[in-house]
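Engineer: Could you have a look at this structure, given as structure tokens, before my questions?
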Amino acid sequence: MKPDTYFDNPVHPVSLKLWPRLNGEKLRAWDGADLLLLEHIAEQDASTEQDAADQPATLVLNDPNGALTLPLLAAGVKVHASGDSWLAQKALLTNAEDNDLATDTLSWSWPDEEVAQPIARVLIRLPKSLSLFESQLATIAGTLPEGTQVIVSSMDKHTPPSVMKILEKYFLSVEHGLGRRKAHLYFAQLGHQTAQQRTAPAVFAIPALQGKEICAQPGTFSGDKLDIGARFFSEHVPSDVAGNIADLGCGNGVIGLVALDRNPEASVWFCDESAQAVSSAKTNTAALYPKRECSFHHGNGLDGLAETFSLILLNPPFHRGHAVDEGVSSMLFKHARRHLNSDGELYVIGNRHLKYNLPLRKLFGSVREVAANDKFTIWAAKF
Ligand code: SAM
């Protein structure tokens with residue numbers, strides 16, 4: 001069944017879809033936490049005349065498809081949106097276009113960029129990564145004025161018990177509202193004693209790089225440690241490859257770094273839709289391989305690249321947001337097929353139960369098992 005796309009809410013109804021727009025989409029582009037927050041905002045704003053031209057902006061963080069930003073824009077509220085996800089920004093802009101909404105009162109920043117001021121209030125969808133959440137709170141607490149109101153909204157099933165404690169580290173008068181729609185709102189205010197430094201990236205050693213250390217910005221896949229799948233994958237990255245190699249969905253860049261290490265003739269592309277991932281990969285290549293040729297692509301898979309590759313290395317995501325979803329891995333396999341040299345190879349690692357060999361066989365002439373352990377299988381596909 002197709003998901004509902006009409007998001008009826010008391011600020012301004014809008015039509016919403018996820019991006020990328022995949023065939024057979026099953027996921028809806030908003031949830032109870034979006035609706036609960038908009039119900040609160042509708043009450044708060046009922047008494048205020050909105051004239052976007054001369055009002056300070058509402059800062060909206062981590063809005064995956066524009067479910068908070070677009071109703072506000074449609075109601076005449078100026079919005080500064082910020083987040084880590086390129087796909088979320090693309091969903092926001094595509095949905096704005098579909099709703100014929102002008103975006104001249106909308107601005108955007110990535111996590112490492114300045115927020116355009118002045119800001120009247122801050123609305124946050126709790127992100128999956130608590131380290132990204134903390135780094136965002138530290139930035140807000142360090143840059144916005146005392147008294148600024150902060151409201152966090154989250155589905156109860158995705159809210160860890162530590163959320164109040166985290167908020168209390170950065171803000172004053174932290175409290176939560178009554179639960180409704182299987183979600184809660186958390187309210188807080190900036191105080192003058194809450195100024196914070198930016199959160200430092202995590203640092204950890206990589207065995208396949210002879211113990212060299214890499215860093216990971218808050219919010220990158222696997223957080224402050226090496227993922228066990230990535231560790232296994234790193235042991236099987238091929239050597240003696242010339243030409244272009246892509247680390248597709250690079251996260252902190254560990255797999256592409258190993259590819260650089262083992263392939264002195266190759267040029268490596270680090271590609272991810274997460275701004276923090278691309279930033280981590282840039283920092284790691286500059287620190288460990290400053291003389292090597294590397295390129296970085298912040299976007300959807302390999303979309304927009306003209307290059308073809310001798311080797312594509314992929315540890316695909318199998319979630320979209322909190323939902324298990326095979327749509328993105330299937331899409332990335334197709335990107336890889338479009339961008340492989342005629343004699344190139346795609347290496348894919350997956351949890352054993354995901355059986356990536358089956359969709360790969362529909363796209364490639366040859367699919368072989370490279371290695372397996374009790375948790376993961378690595379497949380190599382070629383034309
Ligand atoms: N390669 C890293 C590793 O092995 O540790 C990270 C792998 S993680 C399972 C998948 C990565 O794919 C994440 O960093 C995620 O941000 C990225 N990703 C998800 N969807 C993407 C898309 N449509 N285009 C590019 N990257 C994407």
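Scheme for the structure tokens: letters A, B, ... for chains in order shown; per-chain residue numbers from 1; ligand numbers from 1 in order shown.
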List every residue of region 38-178 of chain A that DSSP, applied to the backbone, labels as alpha helix (DSSP H), and write the result as number ranges by chain.

Structural biologist: A: 38-45, 69-74, 86-98, 130-143, 163-170

Engineer: If you count only C-alpha atoms, which residues fall within 8 Å of Glu39 (chain A), apart from same-chain ones fewer than 4 positions away, as an mmCIF file with all heavy atoms, in the first residue's frame?

Structural biologist:
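To be explicit, this is the file written out as part.cif:
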data_model
loop_
_atom_site.group_PDB
_atom_site.id
_atom_site.type_symbol
_atom_site.label_atom_id
_atom_site.label_comp_id
_atom_site.auth_asym_id
_atom_site.auth_seq_id
_atom_site.Cartn_x
_atom_site.Cartn_y
_atom_site.Cartn_z
ATOM 1 N N ASN A 9 -2.101 19.203 9.463
ATOM 2 C CA ASN A 9 -1.594 19.661 10.758
ATOM 3 C C ASN A 9 -2.108 21.075 10.995
ATOM 4 O O ASN A 9 -2.469 21.766 10.035
ATOM 5 C CB ASN A 9 -0.053 19.618 10.765
ATOM 6 C CG ASN A 9 0.525 20.661 9.842
ATOM 7 O OD1 ASN A 9 0.627 21.830 10.212
ATOM 8 N ND2 ASN A 9 0.866 20.277 8.613
ATOM 9 N N PRO A 10 -2.140 21.528 12.266
ATOM 10 C CA PRO A 10 -2.800 22.809 12.548
ATOM 11 C C PRO A 10 -1.980 24.059 12.183
ATOM 12 O O PRO A 10 -2.517 25.158 12.278
ATOM 13 C CB PRO A 10 -3.025 22.750 14.057
ATOM 14 C CG PRO A 10 -2.022 21.795 14.571
ATOM 15 C CD PRO A 10 -1.760 20.816 13.487
ATOM 16 N N VAL A 11 -0.727 23.910 11.763
ATOM 17 C CA VAL A 11 0.029 25.104 11.336
ATOM 18 C C VAL A 11 -0.279 25.402 9.862
ATOM 19 O O VAL A 11 -0.714 26.488 9.507
ATOM 20 C CB VAL A 11 1.545 24.933 11.564
ATOM 21 C CG1 VAL A 11 2.338 26.069 10.939
ATOM 22 C CG2 VAL A 11 1.844 24.852 13.058
ATOM 23 N N LEU A 35 3.722 16.014 14.416
ATOM 24 C CA LEU A 35 2.374 16.562 14.627
ATOM 25 C C LEU A 35 2.247 17.189 16.010
ATOM 26 O O LEU A 35 1.710 18.297 16.164
ATOM 27 C CB LEU A 35 1.346 15.436 14.432
ATOM 28 C CG LEU A 35 -0.112 15.848 14.428
ATOM 29 C CD1 LEU A 35 -0.391 16.984 13.453
ATOM 30 C CD2 LEU A 35 -1.005 14.651 14.063
ATOM 31 N N GLU A 43 -0.626 26.614 18.820
ATOM 32 C CA GLU A 43 -1.159 27.300 20.021
ATOM 33 C C GLU A 43 -0.294 28.504 20.360
ATOM 34 O O GLU A 43 -0.795 29.593 20.630
ATOM 35 C CB GLU A 43 -1.134 26.356 21.221
ATOM 36 C CG GLU A 43 -2.380 25.523 21.348
ATOM 37 C CD GLU A 43 -2.222 24.479 22.445
ATOM 38 O OE1 GLU A 43 -1.604 24.778 23.483
ATOM 39 O OE2 GLU A 43 -2.700 23.346 22.214
#

Engineer: Which residues are near Ile349 (chain A)? Cut-off 9 Å, only C-alpha atoms, ignore same chain within fewer than 4 positions. Put them as a count of residues only.

Structural biologist: 14

Engineer: With distances taken over only C-alpha atoms and all ligand atoms, which residue among A:Leu137, A:Leu172, A:Ala208, A:Leu302 lies nearest ligand 1?

Structural biologist: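 For ligand 1, the nearest of the candidates is A:Leu302.
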
Engineer: Taking only C-alpha atoms and all ligand atoms into account, name the residue in A:Thr103, A:Ser280, A:Thr199, A:Asn252 that is nearest to ligand 1.

Structural biologist: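 For ligand 1, the nearest of the candidates is A:Asn252.
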
Engineer: Which residues are close to Lys291 (chain A), i.e. within 12 Å by only C-alpha atoms, leaving aside same-chain residues fewer than 4 positions away? Reply as a PDB file with C-alpha atoms, in the first residue's frame.

Structural biologist:
ATOM      1  CA  LEU A 260      44.491   4.252  -0.332  1.00  0.00           C
ATOM      2  CA  ASP A 261      47.015   2.379   1.798  1.00  0.00           C
ATOM      3  CA  PRO A 264      49.441   3.402  -4.289  1.00  0.00           C
ATOM      4  CA  SER A 267      42.814   7.774  -6.728  1.00  0.00           C
ATOM      5  CA  THR A 285      42.916  11.641   4.418  1.00  0.00           C
ATOM      6  CA  ALA A 286      44.627  15.010   4.996  1.00  0.00           C
ATOM      7  CA  ALA A 287      46.196  13.720   8.239  1.00  0.00           C
TER       8      ALA A 287
END

Engineer: I'd like to know which of A:His80, A:His335, A:Arg21, A:His184 is closest to Asp303 (chain A), using only C-alpha atoms.

Structural biologist: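 Once distances to Asp303 (chain A) are computed over only C-alpha atoms, the minimum belongs to A:His335.
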
Engineer: Taking only C-alpha atoms and all ligand atoms into account, which residues have an atom no farther than 9 Å from ligand 1? I'd like them as a PyMOL selection string.

Structural biologist: chain A and resi 20+85-87+220-222+226-231+233-234+247-256+271-278+297-303+313-320+328-329+331-332+349-350

Engineer: Counting only C-alpha atoms, which residue out of A:Ala91, A:Leu106, A:Ala29, A:Val150 sits closest to Leu185 (chain A)?

Structural biologist: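 For Leu185 (chain A), the nearest of the given residues is A:Val150.
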
Engineer: Pick out the closest residue to Gln217 (chain A) from this set: A:Ser162, A:Ser15, A:Asn65, A:Ser131. Count only C-alpha atoms.

Structural biologist: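 Result for the nearest residue to Gln217 (chain A): A:Ser131.
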
Engineer: Hey, can you check how far CA of Leu92 (chain A) sits from CA of Leu73 (chain A)?

Structural biologist: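 Interatomic distance, CA of Leu92 (chain A) to CA of Leu73 (chain A): 11.3 Å.
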
Engineer: So which residues touch Gly365 (chain A) within 8 Å, counting only C-alpha atoms, skipping near sequence neighbours fewer than 4 positions away, as a PyMOL selection string?

Structural biologist: chain A and resi 361+381-383

Engineer: Provide the CA of His176 (chain A) to CA of Gly219 (chain A) distance in Å, to one decimal place.

Structural biologist: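 Interatomic distance, CA of His176 (chain A) to CA of Gly219 (chain A): 24.4 Å.
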
Engineer: So which residues of region 24-253 of chain A fall under strand (DSSP E or B) by DSSP, listed as number ranges by chain?

Structural biologist: A: 57-61, 79-82, 85, 106-109, 119-125, 149-155, 172-176, 180, 183-189, 202-206, 212-216, 243-248

Engineer: For Lys165 (chain A), which residue among A:Ser295, A:Val241, A:Leu130, A:Arg125 is the nearest when counting only C-alpha atoms?

Structural biologist: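 The answer is A:Leu130, which sits nearest to Lys165 (chain A).
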
Engineer: Go ahead and compute the interatomic distance for CA of Ser310 (chain A) and CA of Leu288 (chain A), in Å to one decimal.

Structural biologist: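 Separation between CA of Ser310 (chain A) and CA of Leu288 (chain A): 22.9 Å.
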
Engineer: Would you kindly return, as a list in words, each protein, DNA or RNA residue with an atom no farther than 10 Å from any atom of Tyr170 (chain A), considering only C-alpha atoms and excluding same-chain residues fewer than 2 positions away?

Structural biologist: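 Everything that qualifies: Glu134, Leu137, Ala138, Thr139, Ile140, Ala141, Gly142, Lys165, Ile166, Leu167, Glu168, Leu172, Val174, Ala188, Gln189, Leu190, Gly191, Gln193, Thr194, Ala195 and Gln196 of chain A.
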
Engineer: Could you take the residues named above and write them with C-alpha atoms, as a short mmCIF file (atom, residue, chain, number, x, y, z; two decimals), in the first residue's frame?

Structural biologist:
data_model
loop_
_atom_site.label_atom_id
_atom_site.label_comp_id
_atom_site.auth_asym_id
_atom_site.auth_seq_id
_atom_site.Cartn_x
_atom_site.Cartn_y
_atom_site.Cartn_z
CA GLU A 134 24.99 16.81 21.95
CA LEU A 137 23.16 21.49 21.73
CA ALA A 138 26.71 22.66 22.45
CA THR A 139 26.66 24.86 19.33
CA ILE A 140 23.26 26.32 20.22
CA ALA A 141 24.29 26.94 23.83
CA GLY A 142 27.52 28.58 22.68
CA LYS A 165 20.06 14.57 31.52
CA ILE A 166 21.69 15.59 28.22
CA LEU A 167 19.44 18.66 27.97
CA GLU A 168 20.23 19.61 31.59
CA LEU A 172 18.10 25.71 32.17
CA VAL A 174 14.37 21.58 31.39
CA ALA A 188 14.37 24.14 27.81
CA GLN A 189 15.85 27.62 27.87
CA LEU A 190 19.30 29.03 27.26
CA GLY A 191 20.96 30.51 30.32
CA GLN A 193 26.08 29.96 32.24
CA THR A 194 25.40 27.37 29.53
CA ALA A 195 27.99 28.47 26.92
CA GLN A 196 29.75 25.37 25.55
#

Engineer: For Pro238 (chain A), work out the shell of residues within 9 Å, counting only C-alpha atoms and skipping chain neighbours fewer than 3 positions away, then give it as a PyMOL selection string.

Structural biologist: chain A and resi 235+241+259+262-263+311

Engineer: Write to file, as a PDB file, in the first residue's frame, the residues of the selection just made, with all heavy atoms.

Structural biologist:
ATOM      1  N   GLU A 235      39.742  -5.892   6.224  1.00  0.00           N
ATOM      2  CA  GLU A 235      40.730  -6.974   6.049  1.00  0.00           C
ATOM      3  C   GLU A 235      40.717  -7.531   4.627  1.00  0.00           C
ATOM      4  O   GLU A 235      41.622  -8.271   4.243  1.00  0.00           O
ATOM      5  CB  GLU A 235      40.420  -8.114   7.032  1.00  0.00           C
ATOM      6  CG  GLU A 235      40.708  -7.730   8.484  1.00  0.00           C
ATOM      7  CD  GLU A 235      39.993  -8.639   9.487  1.00  0.00           C
ATOM      8  OE1 GLU A 235      39.420  -9.679   9.071  1.00  0.00           O
ATOM      9  OE2 GLU A 235      39.994  -8.287  10.684  1.00  0.00           O
ATOM     10  N   VAL A 241      45.053  -2.237  -7.394  1.00  0.00           N
ATOM     11  CA  VAL A 241      44.028  -1.646  -8.257  1.00  0.00           C
ATOM     12  C   VAL A 241      44.568  -0.293  -8.724  1.00  0.00           C
ATOM     13  O   VAL A 241      45.073   0.485  -7.914  1.00  0.00           O
ATOM     14  CB  VAL A 241      42.703  -1.433  -7.481  1.00  0.00           C
ATOM     15  CG1 VAL A 241      41.647  -0.781  -8.363  1.00  0.00           C
ATOM     16  CG2 VAL A 241      42.195  -2.749  -6.904  1.00  0.00           C
ATOM     17  N   ALA A 259      41.881   1.384   1.308  1.00  0.00           N
ATOM     18  CA  ALA A 259      42.079   1.283  -0.149  1.00  0.00           C
ATOM     19  C   ALA A 259      43.249   2.164  -0.584  1.00  0.00           C
ATOM     20  O   ALA A 259      44.066   1.752  -1.420  1.00  0.00           O
ATOM     21  CB  ALA A 259      40.795   1.674  -0.880  1.00  0.00           C
ATOM     22  N   ARG A 262      46.533   0.428   0.407  1.00  0.00           N
ATOM     23  CA  ARG A 262      46.915  -0.791  -0.334  1.00  0.00           C
ATOM     24  C   ARG A 262      47.086  -0.561  -1.822  1.00  0.00           C
ATOM     25  O   ARG A 262      47.515  -1.477  -2.529  1.00  0.00           O
ATOM     26  CB  ARG A 262      45.816  -1.857  -0.151  1.00  0.00           C
ATOM     27  CG  ARG A 262      45.701  -2.256   1.275  1.00  0.00           C
ATOM     28  CD  ARG A 262      45.098  -3.619   1.460  1.00  0.00           C
ATOM     29  NE  ARG A 262      45.016  -3.847   2.889  1.00  0.00           N
ATOM     30  CZ  ARG A 262      44.037  -4.474   3.495  1.00  0.00           C
ATOM     31  NH1 ARG A 262      43.049  -4.977   2.774  1.00  0.00           N
ATOM     32  NH2 ARG A 262      44.044  -4.624   4.793  1.00  0.00           N
ATOM     33  N   ASN A 263      46.674   0.615  -2.323  1.00  0.00           N
ATOM     34  CA  ASN A 263      46.688   0.833  -3.771  1.00  0.00           C
ATOM     35  C   ASN A 263      47.371   2.159  -4.101  1.00  0.00           C
ATOM     36  O   ASN A 263      46.701   3.162  -4.370  1.00  0.00           O
ATOM     37  CB  ASN A 263      45.246   0.818  -4.303  1.00  0.00           C
ATOM     38  CG  ASN A 263      44.594  -0.529  -4.070  1.00  0.00           C
ATOM     39  OD1 ASN A 263      44.877  -1.496  -4.769  1.00  0.00           O
ATOM     40  ND2 ASN A 263      43.736  -0.610  -3.052  1.00  0.00           N
ATOM     41  N   LEU A 311      37.063   0.032  -8.901  1.00  0.00           N
ATOM     42  CA  LEU A 311      36.611  -0.700  -7.707  1.00  0.00           C
ATOM     43  C   LEU A 311      35.672   0.210  -6.922  1.00  0.00           C
ATOM     44  O   LEU A 311      35.972   1.389  -6.703  1.00  0.00           O
ATOM     45  CB  LEU A 311      37.839  -1.056  -6.844  1.00  0.00           C
ATOM     46  CG  LEU A 311      37.585  -1.704  -5.494  1.00  0.00           C
ATOM     47  CD1 LEU A 311      36.973  -3.108  -5.671  1.00  0.00           C
ATOM     48  CD2 LEU A 311      38.904  -1.829  -4.690  1.00  0.00           C
TER      49      LEU A 311
END
